[in-house]
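Visitor: Supplied in structure tokens, the structure appears directly below.
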Amino acid sequence: MNERIAADLWLWKETSKYSGSDDWIFASSRNDGKDPLWPGVVLQKMIRPAAMRAGIRKRIGWHTFRHTYSTLLIANGENVKVVQELMRHANSRFTLEIYSQAGLIAKREAQRRLVQAILPEGVEEFAPAIGQSSSICDQ
């Protein structure tokens with residue numbers, strides 16, 4: 001676990017109403033912190049309202065976080081095999097085809113690099129300017 005995440009969780013635990021060694025980090029008030037919050041309750045009462053406040057109108061579920069995690073790892077240039085193993089998928093094809101999406105900026109950048117490869121600077125463009133005739137078109 002990342003050290004910053006561990007430190008934040010430790011701080012949360014220390015300042016929580018239920019900070020005992022046997023209490024859960026995200027403890028339910030039922031049974032005085034001895035039981036965790038139910039994931040469905042967290043989603044319904046905390047995450048979805050926060051998403052609405054942030055202007056996110058799509059329905060969010062726990063799987064949304066898995067898709068986001070995979071997509072962000074790929075966008076950051078992580079090795080696909082590493083992402084596959086972090087996601088605990090049987091194969092990388094599943095990780096790429098089902099869980100990861102290419103970001104808009106990454107797609108635009110890929111297109112820009114391709115255009116630069118095909119039409120490097122200093123090479124005249126093939127298409128005539130608007131309103132000008134082309135010798136190819138005139139023949």
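Numbering starts fresh at 1 for the residues of each chain in the structure tokens, the chains themselves are lettered A, B, ... in the order given, and ligands are numbered from 1 as they appear.
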Excluding Ser28 in chain A and its own-chain neighbours fewer than 6 positions away, which residues fall within 7 Å of it when counting only C-alpha atoms? Please give them as a VMD selection string.
Guide: chain A and resid 35 to 37
Visitor: Find the spatial neighbours of range 19-27 of chain A, counting only C-alpha atoms, within a cut-off of 10 Å - ignore same-chain residues fewer than 6 positions away - and output them as a PyMOL selection string.
Guide: chain A and resi 9-13+33-38+42
Visitor: With only C-alpha atoms as the basis for distance, which of A:Val83, A:Ile47, A:Ile105, A:Leu114 is at the shortest distance from Gly61 in chain A?
Guide: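 Between A:Val83, A:Ile47, A:Ile105, A:Leu114, the residue approaching Gly61 in chain A most closely is A:Ile47.
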Visitor: Return the single residue from A:Val80, A:Ala102, A:Val115, A:Ile60 that is closest to Gln44 in chain A, with distances computed using only C-alpha atoms.
Guide: A:Ile60
Visitor: Taking the chain letters and numbering used in this document, name the residues of range 17-78 of chain A that DSSP puts in alpha helix (DSSP H), as a compact mmCIF listing (two decimals) with N, CA and C atoms, in the first residue's frame.
Guide:
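part.txt, written as the output of this step:
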# COMPACT_ATOMS: atom_id res chain seq x y z
N PRO A 39 -20.82 -1.97 2.07
CA PRO A 39 -20.47 -1.29 0.82
C PRO A 39 -21.66 -0.64 0.13
N GLY A 40 -22.80 -1.30 0.12
CA GLY A 40 -23.99 -0.73 -0.51
C GLY A 40 -24.44 0.56 0.15
N VAL A 41 -24.32 0.61 1.47
CA VAL A 41 -24.70 1.81 2.21
C VAL A 41 -23.73 2.95 1.91
N VAL A 42 -22.44 2.65 1.86
CA VAL A 42 -21.43 3.66 1.53
C VAL A 42 -21.71 4.24 0.14
N ARG A 48 -22.50 8.18 -4.15
CA ARG A 48 -23.41 8.71 -5.17
C ARG A 48 -23.82 10.16 -4.89
N PRO A 49 -24.13 10.53 -3.64
CA PRO A 49 -24.42 11.96 -3.40
C PRO A 49 -23.21 12.86 -3.70
N ALA A 50 -22.00 12.40 -3.39
CA ALA A 50 -20.80 13.20 -3.69
C ALA A 50 -20.63 13.35 -5.20
N ALA A 51 -20.91 12.29 -5.95
CA ALA A 51 -20.83 12.37 -7.41
C ALA A 51 -21.85 13.36 -7.96
N MET A 52 -23.04 13.34 -7.42
CA MET A 52 -24.08 14.29 -7.85
C MET A 52 -23.64 15.73 -7.57
N ARG A 53 -23.07 15.97 -6.39
CA ARG A 53 -22.58 17.30 -6.05
C ARG A 53 -21.46 17.74 -6.99
N TRP A 62 -19.55 0.17 -7.65
CA TRP A 62 -18.19 -0.16 -7.24
C TRP A 62 -17.32 -0.53 -8.44
N HIS A 63 -17.93 -1.12 -9.45
CA HIS A 63 -17.15 -1.51 -10.63
C HIS A 63 -16.64 -0.29 -11.39
N THR A 64 -17.31 0.83 -11.24
CA THR A 64 -16.86 2.08 -11.88
C THR A 64 -15.42 2.39 -11.46
N PHE A 65 -15.12 2.14 -10.19
CA PHE A 65 -13.78 2.42 -9.69
C PHE A 65 -12.74 1.49 -10.30
N ARG A 66 -13.11 0.26 -10.58
CA ARG A 66 -12.18 -0.67 -11.23
C ARG A 66 -11.87 -0.21 -12.65
N HIS A 67 -12.91 0.21 -13.38
CA HIS A 67 -12.70 0.71 -14.74
C HIS A 67 -11.82 1.96 -14.73
N THR A 68 -12.08 2.86 -13.80
CA THR A 68 -11.30 4.09 -13.69
C THR A 68 -9.85 3.77 -13.34
N TYR A 69 -9.65 2.88 -12.40
CA TYR A 69 -8.30 2.48 -11.98
C TYR A 69 -7.50 1.95 -13.16
N SER A 70 -8.08 1.02 -13.90
CA SER A 70 -7.40 0.43 -15.05
C SER A 70 -7.12 1.49 -16.12
N THR A 71 -8.10 2.32 -16.42
CA THR A 71 -7.94 3.35 -17.45
C THR A 71 -6.85 4.34 -17.06
N LEU A 72 -6.81 4.76 -15.81
CA LEU A 72 -5.79 5.72 -15.37
C LEU A 72 -4.39 5.10 -15.40
N LEU A 73 -4.28 3.84 -15.01
CA LEU A 73 -2.97 3.18 -15.07
C LEU A 73 -2.46 3.11 -16.50
N ILE A 74 -3.32 2.71 -17.42
CA ILE A 74 -2.94 2.64 -18.84
C ILE A 74 -2.58 4.03 -19.36
N ALA A 75 -3.38 5.04 -19.02
CA ALA A 75 -3.12 6.41 -19.46
C ALA A 75 -1.80 6.94 -18.92
Visitor: Between CA of Gly77 in chain A and CA of Leu104 in chain A, measure the distance and give it in Å to one decimal.
Guide: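 Between CA of Gly77 in chain A and CA of Leu104 in chain A the gap works out to 14.8 Å.
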Visitor: State, in Å with one decimal place, the distance from CA of Gly55 in chain A to CA of Leu43 in chain A.
Guide: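 Interatomic distance here is 16.3 Å.
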